[in-house]
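Student: Here you go, upload_12.txt (compact mmCIF, C-alpha atoms):
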```txt
# COMPACT_ATOMS: atom_id res chain seq x y z
CA MET B 1 -7.82 15.34 3.52
CA LYS B 2 -10.85 17.51 4.25
CA LYS B 3 -13.57 16.54 6.73
CA THR B 4 -16.09 16.47 3.90
CA GLU B 5 -14.21 13.58 2.26
CA PHE B 6 -14.51 11.40 5.37
CA ALA B 7 -18.19 12.35 5.75
CA ARG B 8 -18.83 11.35 2.12
CA ARG B 9 -17.26 7.95 2.72
CA ARG B 10 -19.35 7.34 5.83
CA ARG B 11 -22.54 8.28 3.98
CA GLN B 12 -21.65 5.91 1.14
CA LEU B 13 -20.93 3.06 3.54
CA MET B 14 -24.16 3.59 5.47
CA ARG B 15 -26.20 3.63 2.25
CA MET B 16 -24.70 0.24 1.40
CA MET B 17 -25.39 -1.10 4.91
CA GLY B 18 -29.04 -0.01 4.99
CA ARG B 19 -31.26 0.51 8.03
CA ASP B 20 -31.37 -1.87 10.99
CA ALA B 21 -27.56 -2.22 10.87
CA ILE B 22 -24.50 -1.09 12.80
CA ALA B 23 -20.80 -0.91 11.83
CA ILE B 24 -18.08 -1.09 14.46
CA VAL B 25 -14.50 -0.11 13.57
CA PRO B 26 -11.71 -0.09 16.18
CA ALA B 27 -8.54 1.98 15.91
CA ALA B 28 -5.11 0.36 15.71
CA SER B 29 -3.47 -0.63 18.97
CA ILE B 30 -0.16 0.77 20.15
CA LYS B 31 2.62 -1.75 19.37
CA GLN B 32 5.57 -2.21 21.71
CA ARG B 33 8.98 -2.25 20.05
CA ASN B 34 11.05 -3.32 23.02
CA ASN B 35 10.89 -2.92 26.81
CA ASP B 36 9.00 0.37 27.37
CA VAL B 37 9.53 1.80 23.88
CA ASP B 38 6.66 1.78 21.37
CA TYR B 39 6.75 1.75 17.60
CA HIS B 40 5.74 4.98 15.92
CA TYR B 41 1.95 4.88 15.90
CA ARG B 42 0.20 4.34 12.59
CA GLN B 43 -3.58 4.32 12.49
CA ASP B 44 -5.56 1.34 11.11
CA SER B 45 -6.27 2.08 7.44
CA ASP B 46 -9.99 1.26 7.59
CA PHE B 47 -10.48 3.40 10.70
CA GLN B 48 -8.51 6.28 9.18
CA TYR B 49 -10.43 5.99 5.91
CA LEU B 50 -13.73 6.58 7.70
CA THR B 51 -12.74 9.05 10.40
CA GLY B 52 -9.47 10.90 9.69
CA PHE B 53 -8.74 10.41 13.41
CA ASP B 54 -5.19 9.33 14.24
CA GLU B 55 -5.32 8.60 17.97
CA PRO B 56 -5.24 5.09 19.50
CA GLU B 57 -7.80 3.61 21.91
CA ALA B 58 -10.77 4.70 19.82
CA VAL B 59 -13.80 3.03 18.27
CA ALA B 60 -15.96 4.39 15.45
CA VAL B 61 -19.60 3.33 15.25
CA MET B 62 -22.02 4.01 12.39
CA VAL B 63 -25.76 3.41 12.82
CA PRO B 64 -27.72 4.35 9.67
CA GLY B 65 -30.99 6.09 10.48
CA ARG B 66 -30.34 6.58 14.20
CA PRO B 67 -32.42 9.68 15.05
CA GLN B 68 -29.98 10.98 17.68
CA GLY B 69 -27.05 10.82 15.23
CA GLU B 70 -25.58 8.18 12.91
CA PHE B 71 -21.87 8.62 13.66
CA VAL B 72 -20.63 7.90 17.19
CA MET B 73 -17.04 7.83 18.41
CA PHE B 74 -15.53 6.48 21.60
CA VAL B 75 -12.19 8.12 22.38
CA ARG B 76 -9.79 8.77 25.23
CA ASP B 77 -10.84 11.45 27.70
CA ARG B 78 -8.74 14.59 27.99
CA ASP B 79 -6.01 14.02 30.57
CA PRO B 80 -3.63 16.95 31.23
CA ALA B 81 -1.11 14.74 33.05
CA ARG B 82 -0.83 12.23 30.18
CA GLU B 83 -0.95 14.96 27.55
CA THR B 84 2.18 16.47 29.10
CA TRP B 85 3.98 13.25 28.15
CA ASP B 86 2.23 12.13 24.95
CA GLY B 87 0.68 15.25 23.41
CA ALA B 88 -2.81 16.67 23.10
CA ARG B 89 -5.92 14.52 22.82
CA ALA B 90 -9.12 15.48 21.04
CA GLY B 91 -11.38 14.05 23.72
CA PRO B 92 -15.14 13.46 23.25
CA ASP B 93 -15.85 17.14 22.65
CA GLY B 94 -13.02 17.39 20.13
CA VAL B 95 -14.26 14.56 17.93
CA GLU B 96 -17.65 16.27 17.75
CA ALA B 97 -16.17 19.68 16.95
CA ASP B 98 -13.32 18.64 14.65
CA TYR B 99 -14.08 15.17 13.23
CA GLY B 100 -17.80 15.29 12.49
CA ALA B 101 -18.99 12.86 15.17
CA ASP B 102 -22.64 13.29 16.14
CA HIS B 103 -21.73 12.08 19.61
CA GLY B 104 -18.37 11.58 21.30
CA PHE B 105 -18.11 9.40 24.41
CA PRO B 106 -15.21 8.38 26.65
CA VAL B 107 -13.89 5.01 25.49
CA ALA B 108 -13.92 3.92 29.15
CA ASP B 109 -17.74 3.98 28.94
CA ILE B 110 -18.04 1.79 25.85
CA ASP B 111 -19.24 -1.32 27.73
CA GLU B 112 -22.17 0.64 29.10
CA ILE B 113 -23.13 2.52 25.91
CA LEU B 114 -22.39 0.30 22.91
CA PRO B 115 -24.79 -2.55 23.83
CA GLY B 116 -27.59 0.03 23.73
CA LEU B 117 -26.58 0.95 20.17
CA LEU B 118 -26.44 -2.72 19.20
CA GLU B 119 -29.82 -3.47 20.69
CA ARG B 120 -31.89 -1.94 17.90
CA CYS B 121 -29.88 -3.55 15.04
CA SER B 122 -30.31 -6.89 13.27
CA ARG B 123 -27.00 -6.85 11.39
CA VAL B 124 -23.54 -6.13 12.79
CA TYR B 125 -20.93 -5.08 10.21
CA TYR B 126 -17.52 -5.89 11.59
CA THR B 127 -14.15 -7.17 10.31
CA MET B 128 -13.16 -10.33 12.16
CA GLY B 129 -9.59 -11.36 12.89
CA VAL B 130 -7.78 -8.04 12.51
CA HIS B 131 -8.10 -7.10 16.19
CA PRO B 132 -8.51 -10.46 18.02
CA GLU B 133 -8.85 -9.00 21.51
CA PHE B 134 -11.51 -6.57 20.36
CA ASP B 135 -13.32 -9.45 18.58
CA GLN B 136 -13.97 -10.98 22.00
CA ARG B 137 -15.48 -7.74 23.29
CA VAL B 138 -17.86 -7.53 20.34
CA PHE B 139 -18.93 -11.15 20.86
CA GLY B 140 -19.41 -10.40 24.55
CA TRP B 141 -21.72 -7.44 23.84
CA VAL B 142 -23.82 -9.41 21.37
CA ASN B 143 -24.01 -12.53 23.54
CA GLY B 144 -25.00 -10.41 26.51
CA LEU B 145 -27.94 -9.03 24.52
CA ARG B 146 -28.95 -12.46 23.26
CA ALA B 147 -29.06 -13.73 26.81
CA GLN B 148 -31.84 -11.21 27.39
CA ALA B 149 -33.83 -12.19 24.28
CA LYS B 150 -36.41 -14.04 26.36
CA LYS B 151 -37.33 -10.69 27.90
CA GLY B 152 -38.38 -9.49 24.46
CA LEU B 153 -35.15 -7.59 23.78
CA HIS B 154 -34.38 -7.07 20.10
CA THR B 155 -30.91 -8.53 19.43
CA PRO B 156 -28.53 -8.74 16.44
CA GLN B 157 -29.13 -11.82 14.32
CA GLU B 158 -26.33 -11.61 11.78
CA PHE B 159 -22.63 -10.71 11.54
CA VAL B 160 -21.62 -9.31 8.13
CA ALA B 161 -18.04 -8.83 6.92
CA LEU B 162 -17.51 -5.07 6.93
CA ASP B 163 -14.34 -5.39 4.87
CA HIS B 164 -16.35 -6.75 1.93
CA LEU B 165 -18.05 -3.36 1.55
CA LEU B 166 -15.32 -1.10 2.85
CA HIS B 167 -12.47 -2.57 0.82
CA GLU B 168 -14.46 -2.34 -2.39
CA MET B 169 -14.92 1.37 -1.60
CA ARG B 170 -11.20 1.80 -0.94
CA LEU B 171 -10.32 0.19 -4.28
CA PHE B 172 -11.75 3.19 -6.15
CA LYS B 173 -9.84 6.38 -5.40
CA SER B 174 -11.59 9.74 -5.26
CA ARG B 175 -10.04 12.98 -6.54
CA PRO B 176 -8.62 13.90 -3.10
CA GLU B 177 -7.14 10.41 -2.77
CA LEU B 178 -5.53 10.61 -6.20
CA ASP B 179 -4.13 14.03 -5.32
CA ALA B 180 -2.51 12.54 -2.21
CA MET B 181 -1.11 9.65 -4.25
CA ARG B 182 0.28 12.06 -6.84
CA ARG B 183 2.05 13.90 -4.04
CA ALA B 184 3.38 10.62 -2.60
CA GLY B 185 4.59 9.68 -6.08
CA ALA B 186 6.30 13.03 -6.58
CA ILE B 187 8.08 12.87 -3.22
CA GLY B 188 9.13 9.28 -3.85
CA ALA B 189 10.42 10.18 -7.31
CA GLN B 190 12.48 13.07 -5.94
CA ALA B 191 14.01 10.70 -3.37
CA HIS B 192 15.05 8.31 -6.15
CA ARG B 193 16.59 11.17 -8.13
CA ARG B 194 18.51 12.18 -5.01
CA ALA B 195 19.74 8.59 -4.63
CA MET B 196 20.92 8.45 -8.23
CA LYS B 197 22.98 11.59 -7.71
CA LEU B 198 24.61 10.30 -4.51
CA ALA B 199 25.41 6.70 -5.48
CA ALA B 200 29.05 6.03 -6.29
CA PRO B 201 31.58 3.22 -5.91
CA GLY B 202 32.87 3.03 -2.35
CA ARG B 203 29.73 4.37 -0.71
CA MET B 204 27.52 2.22 1.49
CA GLU B 205 23.99 1.15 0.72
CA TYR B 206 22.80 2.70 3.98
CA GLU B 207 24.21 6.07 2.93
CA VAL B 208 21.89 6.01 -0.06
CA MET B 209 18.99 4.95 2.16
CA ALA B 210 19.71 7.91 4.44
CA GLU B 211 19.33 10.29 1.48
CA ILE B 212 16.01 8.70 0.58
CA LEU B 213 14.71 9.04 4.14
CA HIS B 214 15.90 12.64 4.28
CA GLU B 215 13.89 13.50 1.18
CA PHE B 216 10.80 11.80 2.58
CA HIS B 217 10.90 13.53 5.94
CA ARG B 218 11.71 16.98 4.59
CA ASN B 219 8.43 16.71 2.66
CA LYS B 220 6.33 15.58 5.65
CA ALA B 221 6.23 11.99 4.45
CA ASP B 222 7.34 8.72 5.98
CA ILE B 223 8.36 5.36 4.58
CA SER B 224 5.52 3.21 3.29
CA TYR B 225 7.78 0.16 3.77
CA HIS B 226 11.41 -0.48 4.69
CA PRO B 227 13.51 0.59 1.67
CA ILE B 228 15.36 -2.00 -0.38
CA VAL B 229 18.77 -0.67 -1.39
CA GLY B 230 20.52 -3.62 -3.00
CA SER B 231 23.79 -3.35 -4.90
CA GLY B 232 25.59 -6.02 -6.90
CA PRO B 233 24.37 -9.49 -5.87
CA ASN B 234 21.84 -7.97 -3.47
CA ALA B 235 19.82 -6.67 -6.43
CA CYS B 236 18.80 -10.29 -7.04
CA VAL B 237 17.30 -10.65 -3.54
CA LEU B 238 13.67 -9.60 -3.90
CA HIS B 239 13.10 -8.51 -0.30
CA TYR B 240 16.66 -7.57 0.64
CA HIS B 241 16.66 -5.34 3.71
CA ALA B 242 20.13 -5.27 5.34
CA ASN B 243 21.29 -2.32 3.18
CA ASP B 244 24.83 -2.57 4.57
CA ARG B 245 27.07 -3.51 1.61
CA GLN B 246 29.73 -1.25 0.15
CA MET B 247 28.96 -0.49 -3.49
CA LYS B 248 31.58 -1.39 -6.07
CA ASP B 249 32.50 -0.12 -9.51
CA GLY B 250 30.48 -2.06 -12.09
CA ASP B 251 27.60 -2.81 -9.70
CA LEU B 252 23.98 -2.17 -10.42
CA LEU B 253 21.98 -0.64 -7.58
CA LEU B 254 18.32 -1.62 -7.22
CA ILE B 255 16.30 0.72 -5.01
CA ASP B 256 12.73 -0.17 -4.09
CA ALA B 257 11.51 2.69 -1.89
CA GLY B 258 8.22 4.50 -1.48
CA CYS B 259 6.75 6.98 0.93
CA GLU B 260 3.45 7.57 2.67
CA PHE B 261 1.91 11.03 2.42
CA ASP B 262 -1.34 11.79 4.25
CA TYR B 263 -1.84 8.02 4.68
CA TYR B 264 -1.42 7.25 0.95
CA ALA B 265 1.51 5.23 -0.37
CA SER B 266 3.88 5.33 -3.29
CA ASP B 267 5.90 2.26 -4.33
CA ILE B 268 8.76 2.94 -6.75
CA THR B 269 11.73 0.89 -7.98
CA ARG B 270 14.64 2.00 -10.11
CA THR B 271 17.81 0.15 -11.09
CA PHE B 272 20.92 1.98 -12.27
CA PRO B 273 24.72 1.57 -12.48
CA VAL B 274 26.63 2.77 -9.44
CA ASN B 275 29.33 4.33 -11.63
CA GLY B 276 26.81 6.07 -13.90
CA ARG B 277 27.36 3.86 -16.96
CA PHE B 278 25.52 0.65 -17.89
CA THR B 279 27.69 -2.15 -19.23
CA PRO B 280 26.46 -3.65 -22.53
CA ALA B 281 25.07 -6.71 -20.72
CA GLN B 282 23.37 -4.61 -18.05
CA ARG B 283 21.80 -2.33 -20.65
CA ALA B 284 20.59 -5.28 -22.72
CA VAL B 285 18.73 -6.81 -19.78
CA TYR B 286 17.53 -3.39 -18.63
CA GLU B 287 15.97 -2.63 -22.01
CA VAL B 288 14.02 -5.90 -21.91
CA VAL B 289 12.58 -5.03 -18.50
CA LEU B 290 11.78 -1.47 -19.60
CA ALA B 291 9.99 -2.73 -22.75
CA ALA B 292 8.01 -5.13 -20.55
CA GLN B 293 6.98 -2.29 -18.26
CA HIS B 294 5.88 -0.14 -21.20
CA ALA B 295 3.79 -3.04 -22.54
CA ALA B 296 2.20 -3.62 -19.15
CA ILE B 297 1.38 0.07 -18.60
CA GLU B 298 -0.24 0.19 -22.05
CA LYS B 299 -2.61 -2.57 -20.89
CA THR B 300 -3.56 -0.68 -17.72
CA ARG B 301 -6.79 0.60 -19.23
CA PRO B 302 -10.50 0.34 -18.39
CA GLY B 303 -12.12 -2.78 -19.81
CA ASN B 304 -8.93 -4.84 -19.69
CA HIS B 305 -8.81 -7.44 -16.94
CA TRP B 306 -6.43 -7.34 -13.98
CA ASN B 307 -4.04 -9.94 -15.40
CA GLU B 308 -3.55 -8.40 -18.86
CA PRO B 309 -0.66 -6.12 -17.79
CA HIS B 310 1.10 -9.16 -16.29
CA GLU B 311 0.50 -11.23 -19.43
CA ALA B 312 1.93 -8.43 -21.56
CA ALA B 313 5.04 -8.19 -19.37
CA VAL B 314 5.55 -11.96 -19.38
CA LYS B 315 5.40 -12.08 -23.18
CA VAL B 316 7.96 -9.28 -23.64
CA ILE B 317 10.30 -10.68 -20.98
CA THR B 318 10.14 -14.21 -22.42
CA GLN B 319 10.86 -12.89 -25.92
CA GLY B 320 13.75 -10.86 -24.53
CA LEU B 321 15.22 -13.78 -22.61
CA VAL B 322 15.17 -15.87 -25.80
CA LYS B 323 16.82 -13.07 -27.78
CA LEU B 324 19.55 -12.77 -25.14
CA GLY B 325 20.09 -16.54 -25.18
CA LEU B 326 19.01 -17.00 -21.57
CA LEU B 327 16.06 -19.16 -22.60
CA LYS B 328 15.80 -21.51 -25.58
CA GLY B 329 12.65 -22.63 -27.34
CA LYS B 330 9.40 -21.30 -28.76
CA VAL B 331 8.00 -18.33 -26.86
CA PRO B 332 4.39 -19.66 -26.54
CA LYS B 333 5.58 -22.95 -25.05
CA LEU B 334 8.06 -21.23 -22.73
CA ILE B 335 5.20 -19.05 -21.46
CA LYS B 336 2.89 -22.05 -21.06
CA ASP B 337 5.59 -23.95 -19.16
CA GLU B 338 6.37 -20.82 -17.09
CA SER B 339 10.06 -21.17 -17.96
CA TYR B 340 10.45 -17.41 -17.53
CA LYS B 341 9.94 -17.84 -13.77
CA LYS B 342 13.58 -18.86 -13.46
CA PHE B 343 14.37 -15.16 -14.03
CA PHE B 344 11.02 -13.39 -13.39
CA MET B 345 9.35 -15.09 -10.45
CA HIS B 346 6.90 -12.49 -9.16
CA ARG B 347 3.77 -10.88 -10.50
CA THR B 348 3.83 -7.57 -12.34
CA GLY B 349 1.86 -5.55 -9.80
CA HIS B 350 -0.61 -5.14 -6.97
CA TRP B 351 -3.26 -2.69 -5.83
CA LEU B 352 -1.90 0.48 -4.22
CA GLY B 353 -3.55 2.97 -1.88
CA MET B 354 -3.55 3.48 1.87
CA ASP B 355 -1.68 0.19 2.12
CA VAL B 356 1.26 -0.64 -0.13
CA HIS B 357 -0.37 -3.97 -0.95
CA ASP B 358 -3.79 -2.41 -0.88
CA VAL B 359 -7.16 -3.99 -0.34
CA GLY B 360 -9.48 -5.10 -3.14
CA GLU B 361 -10.32 -8.37 -4.86
CA TYR B 362 -8.32 -9.38 -7.92
CA LYS B 363 -11.02 -11.74 -9.15
CA VAL B 364 -14.82 -11.67 -9.31
CA GLY B 365 -15.82 -15.27 -8.88
CA GLU B 366 -13.42 -17.25 -11.05
CA GLU B 367 -12.70 -14.41 -13.48
CA TRP B 368 -10.09 -11.66 -13.28
CA ARG B 369 -11.88 -8.41 -12.50
CA LEU B 370 -11.98 -5.69 -15.13
CA LEU B 371 -10.00 -2.51 -14.60
CA GLU B 372 -12.01 0.67 -14.00
CA PRO B 373 -11.17 4.36 -13.60
CA GLY B 374 -10.07 5.18 -10.06
CA MET B 375 -8.11 1.98 -9.51
CA VAL B 376 -4.38 2.36 -8.82
CA MET B 377 -1.81 -0.39 -9.24
CA THR B 378 1.92 -0.90 -9.43
CA VAL B 379 3.61 -2.09 -12.63
CA GLU B 380 6.92 -3.73 -11.75
CA PRO B 381 8.45 -6.34 -14.06
CA GLY B 382 11.97 -7.58 -13.38
CA ILE B 383 14.72 -9.96 -14.38
CA TYR B 384 17.07 -11.50 -11.80
CA ILE B 385 20.14 -13.58 -12.65
CA PRO B 386 21.96 -14.46 -9.41
CA ARG B 387 25.62 -15.35 -9.46
CA GLY B 388 26.09 -19.07 -9.88
CA THR B 389 22.93 -19.55 -11.99
CA LYS B 390 23.46 -22.81 -13.89
CA GLY B 391 23.51 -22.71 -17.65
CA VAL B 392 24.03 -18.94 -17.79
CA SER B 393 27.14 -17.23 -19.13
CA LYS B 394 29.08 -15.23 -16.53
CA GLU B 395 28.51 -11.96 -18.40
CA TRP B 396 24.85 -12.08 -17.28
CA GLN B 397 25.36 -13.33 -13.75
CA GLY B 398 24.81 -10.89 -10.90
CA ILE B 399 22.40 -8.71 -12.88
CA GLY B 400 19.18 -7.91 -11.04
CA ILE B 401 16.80 -5.34 -12.52
CA ARG B 402 13.31 -4.20 -11.55
CA ILE B 403 11.49 -1.08 -12.74
CA GLU B 404 8.34 -0.10 -10.85
CA ASP B 405 5.87 2.74 -11.19
CA ASP B 406 2.47 3.60 -9.71
CA VAL B 407 -0.24 3.74 -12.36
CA ALA B 408 -3.80 5.05 -12.09
CA VAL B 409 -6.51 3.74 -14.38
CA THR B 410 -8.32 6.65 -16.04
CA LYS B 411 -11.02 6.99 -18.70
CA GLY B 412 -8.22 7.52 -21.21
CA ASP B 413 -4.48 6.87 -21.09
CA PRO B 414 -2.95 5.40 -17.92
CA GLU B 415 -1.57 8.03 -15.53
CA VAL B 416 1.90 7.24 -14.15
CA LEU B 417 1.95 8.88 -10.72
CA SER B 418 5.68 8.35 -10.21
CA ASP B 419 6.99 9.56 -13.56
CA ARG B 420 9.23 12.34 -12.22
CA VAL B 421 12.20 10.00 -12.00
CA PRO B 422 13.57 8.65 -15.29
CA THR B 423 13.42 5.07 -16.51
CA ASP B 424 15.14 5.62 -19.87
CA PRO B 425 18.74 4.41 -19.50
CA ASP B 426 20.20 7.39 -21.36
CA GLU B 427 18.32 9.82 -19.12
CA ILE B 428 19.52 7.96 -16.03
CA GLU B 429 23.12 8.21 -17.18
CA ARG B 430 22.76 11.92 -17.91
CA LEU B 431 21.22 12.56 -14.49
CA MET B 432 24.02 10.69 -12.71
CA GLN B 433 26.80 12.34 -14.66
CA ALA B 434 25.38 15.79 -14.01
CA ALA B 435 25.54 15.24 -10.25
```
Have the structure of the file written as structure tokens, please.

Tutor:
Amino acid sequence: MKKTEFARRRRQLMRMMGRDAIAIVPAASIKQRNNDVDYHYRQDSDFQYLTGFDEPEAVAVMVPGRPQGEFVMFVRDRDPARETWDGARAGPDGVEADYGADHGFPVADIDEILPGLLERCSRVYYTMGVHPEFDQRVFGWVNGLRAQAKKGLHTPQEFVALDHLLHEMRLFKSRPELDAMRRAGAIGAQAHRRAMKLAAPGRMEYEVMAEILHEFHRNKADISYHPIVGSGPNACVLHYHANDRQMKDGDLLLIDAGCEFDYYASDITRTFPVNGRFTPAQRAVYEVVLAAQHAAIEKTRPGNHWNEPHEAAVKVITQGLVKLGLLKGKVPKLIKDESYKKFFMHRTGHWLGMDVHDVGEYKVGEEWRLLEPGMVMTVEPGIYIPRGTKGVSKEWQGIGIRIEDDVAVTKGDPEVLSDRVPTDPDEIERLMQAA
């Protein structure tokens, strides 16, 4: 992502904030995995969105209209001894030269400098609760200024939720963001194709996961969430994560795996037969789910409301379950009674962006919000029939199917960002048999 993209975002945010305001955004903290080993560092999405800076122990400050410069960053000082162990740091001079900061200061000096920036502002834009320890520091700076109000010092009078503005901005993807998401979708799709070619009876679920991870990392991407690689009965466990079962002939394999490229996520699910051939029962259920996905994607258009894709998927799945004999009754009443939830218990999608379950409101007041160009969402209907399900013939039991793609709302037809891996059952079989 180019520096100009981050600068554009900051300008847009500061226009929305107006004069006499300040925004304070801390970086993500380093998280300890165990003993003296840390998790791989991943920057806070809001901080990254505004700065493009991926180091910890940093704070971004925006002060619209400040004559000396509107964008200030507090970062770690250069430290040759620590950099020998942990790698190079930008330092205060680096964030000015490379990240567009008007002023860079050592983060160790923040207690002395930030109150002076707060002093001239009436409104403080800040997201409470995400960084609890930092919350206390912000309160301390503001309360310290208010204690001096009797001396005529101008002090902040109002805290405003920064996420209300910032997350609305993040909901609408720019061209560079969509380009990154297309790349994440393409890498994710290639990983799923690789998995389809490797899967076979006798292999382990974690072997397939290893192929997926290999494809991600060879393309400079990382996981956007822990992959779900569930065969046989595990395909009916929505958030299965052990990935340690040996696959058997006749199993379906459900893979829910996406990658993160340049801080933007893909989220893709495919379900296919381990031996390369769907059984009649598996194909019958699969075709219902695929028809539901097609119906939902068709509704992913500007002017439709957020819930219309889900409603379309529910209707097709309920009709299909009746046709297969898994539900009995009139379709409208079954939908009203939510009888389909016995087999399809989750929603059809969620916002997608820098976070897998990305930010953005789903409703405006009491009404579902209307879809607009630039929004990106997943479309992921499914049917799950665990073994032992009462009232269900054994031929259907153990079938778990989900099909998920990443879909961008455009001015015209929906754009499927993850379409480089097949969903058509005949194409899947051909791909697997050609391996």

Student: Interatomic distance between CA of Arg203 (chain B) and CA of Gln246 (chain B)?

Tutor: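 Computed distance, CA of Arg203 (chain B) to CA of Gln246 (chain B), equals 5.7 Å.
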
Student: Contacts between region 336-346 of chain B and region 224-277 of chain B, please, where a residue of region 224-277 of chain B counts if it comes within 12 Å (with all atoms listed in the file); show its shortest atom pair and distance in Å to one decimal, rows by chain and ascending number, as JSON lines.

Tutor:
```
{"residue": "B:Cys236", "atom": "CA", "partner": "B:Phe343", "partner_atom": "CA", "distance": 9.6}
{"residue": "B:Val237", "atom": "CA", "partner": "B:Met345", "partner_atom": "CA", "distance": 11.4}
{"residue": "B:Leu238", "atom": "CA", "partner": "B:His346", "partner_atom": "CA", "distance": 9.0}
{"residue": "B:His239", "atom": "CA", "partner": "B:His346", "partner_atom": "CA", "distance": 11.5}
```

Student: Could you list, as a ChimeraX atom specification, every residue within 12 Å of His154 (chain B), counting all atoms listed in the file and ignoring same-chain residues fewer than 6 positions away?

Tutor: /B:20,115-123,142,144-148

Student: Using only C-alpha atoms, which residues sit within 12 Å of His164 (chain B) once same-chain residues fewer than 3 positions away are excluded, as JSON, numbers by chain?

Tutor: {"B": [13, 16, 17, 46, 125, 126, 127, 128, 160, 161, 167, 168, 169, 170, 171, 359, 360, 361]}

Student: Looking at only C-alpha atoms, which of B:Lys394, B:Gly382, B:Arg89, B:Arg283 is the one that sits closest to Asp424 (chain B)?

Tutor: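 Of the candidates, the smallest distance to Asp424 (chain B) is held by B:Arg283.
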
Student: Got a sec: who's within 10 Å of Ala265 (chain B), counting all atoms listed in the file, leaving out chain neighbours fewer than 6 positions off, as a PyMOL selection string?

Tutor: chain B and resi 180-185+188+221-225+258-259+352-358+406

Student: Which is closer to Tyr286 (chain B) than all the others in B:Ala199, B:Met204, B:Ala7, B:Ile399, using all atoms listed in the file?

Tutor: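 Once distances to Tyr286 (chain B) are computed over all atoms listed in the file, the minimum belongs to B:Ile399.
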
Student: Could you check which of B:Thr84, B:Pro201, B:Ala28, B:Lys248 is closest to Ser45 (chain B), using all atoms listed in the file?

Tutor: B:Ala28

Student: From the options B:Leu178, B:Ala200, B:Val75, B:Ile403, which residue's atoms come nearest to Tyr263 (chain B), counting all atoms listed in the file?

Tutor: B:Leu178

Student: At a cut-off of 9 Å, using all atoms listed in the file, what residues contact region 372-381 of chain B? Leave out same-chain residues fewer than 2 positions from it and give the result as number ranges by chain.

Tutor: B: 171-175, 178, 266-269, 289-290, 292-293, 296-297, 300-304, 309-310, 313-314, 317, 344, 346-353, 358, 370, 383, 401-412

Student: Once you have the residues from the selection above, write them out as a CSV table (one decimal), in the coordinates of the input, restricted to C-alpha atoms.

Tutor:
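Result file follows (result_25.csv):
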```csv
chain,number,residue,atom,x,y,z
B,171,LEU,CA,-10.3,0.2,-4.3
B,172,PHE,CA,-11.8,3.2,-6.2
B,173,LYS,CA,-9.8,6.4,-5.4
B,174,SER,CA,-11.6,9.7,-5.3
B,175,ARG,CA,-10.0,13.0,-6.5
B,178,LEU,CA,-5.5,10.6,-6.2
B,266,SER,CA,3.9,5.3,-3.3
B,267,ASP,CA,5.9,2.3,-4.3
B,268,ILE,CA,8.8,2.9,-6.8
B,269,THR,CA,11.7,0.9,-8.0
B,289,VAL,CA,12.6,-5.0,-18.5
B,290,LEU,CA,11.8,-1.5,-19.6
B,292,ALA,CA,8.0,-5.1,-20.6
B,293,GLN,CA,7.0,-2.3,-18.3
B,296,ALA,CA,2.2,-3.6,-19.2
B,297,ILE,CA,1.4,0.1,-18.6
B,300,THR,CA,-3.6,-0.7,-17.7
B,301,ARG,CA,-6.8,0.6,-19.2
B,302,PRO,CA,-10.5,0.3,-18.4
B,303,GLY,CA,-12.1,-2.8,-19.8
B,304,ASN,CA,-8.9,-4.8,-19.7
B,309,PRO,CA,-0.7,-6.1,-17.8
B,310,HIS,CA,1.1,-9.2,-16.3
B,313,ALA,CA,5.0,-8.2,-19.4
B,314,VAL,CA,5.6,-12.0,-19.4
B,317,ILE,CA,10.3,-10.7,-21.0
B,344,PHE,CA,11.0,-13.4,-13.4
B,346,HIS,CA,6.9,-12.5,-9.2
B,347,ARG,CA,3.8,-10.9,-10.5
B,348,THR,CA,3.8,-7.6,-12.3
B,349,GLY,CA,1.9,-5.6,-9.8
B,350,HIS,CA,-0.6,-5.1,-7.0
B,351,TRP,CA,-3.3,-2.7,-5.8
B,352,LEU,CA,-1.9,0.5,-4.2
B,353,GLY,CA,-3.6,3.0,-1.9
B,358,ASP,CA,-3.8,-2.4,-0.9
B,370,LEU,CA,-12.0,-5.7,-15.1
B,383,ILE,CA,14.7,-10.0,-14.4
B,401,ILE,CA,16.8,-5.3,-12.5
B,402,ARG,CA,13.3,-4.2,-11.6
B,403,ILE,CA,11.5,-1.1,-12.7
B,404,GLU,CA,8.3,-0.1,-10.8
B,405,ASP,CA,5.9,2.7,-11.2
B,406,ASP,CA,2.5,3.6,-9.7
B,407,VAL,CA,-0.2,3.7,-12.4
B,408,ALA,CA,-3.8,5.0,-12.1
B,409,VAL,CA,-6.5,3.7,-14.4
B,410,THR,CA,-8.3,6.6,-16.0
B,411,LYS,CA,-11.0,7.0,-18.7
B,412,GLY,CA,-8.2,7.5,-21.2
```

Student: Nearest to Ala191 (chain B) among B:Pro414, B:Lys330, B:Val421, B:Leu162, with distances taken over all atoms listed in the file: which residue is it?

Tutor: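 The answer is B:Val421, which sits nearest to Ala191 (chain B).
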
Student: Figure out the distance between CA of Val72 (chain B) and CA of Val95 (chain B), please, to one decimal in Å.

Tutor: 9.2 Å

Student: For the atom pair CA of Val59 (chain B) and CA of Gln157 (chain B), what is the interatomic distance in Å to one decimal place?

Tutor: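 About the pair CA of Val59 (chain B) and CA of Gln157 (chain B): they are 21.7 Å apart.
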
Student: Show which residues sit within 9 Å of Arg42 (chain B), as a VMD selection string. Count all atoms listed in the file, and ignore same-chain residues fewer than 6 positions away.

Tutor: chain B and resid 28 to 30 54 to 56 263

Student: Using only C-alpha atoms, which residue out of B:Asp79, B:Glu177, B:Asp36, B:Glu215 lies closest to Arg193 (chain B)?

Tutor: B:Glu215
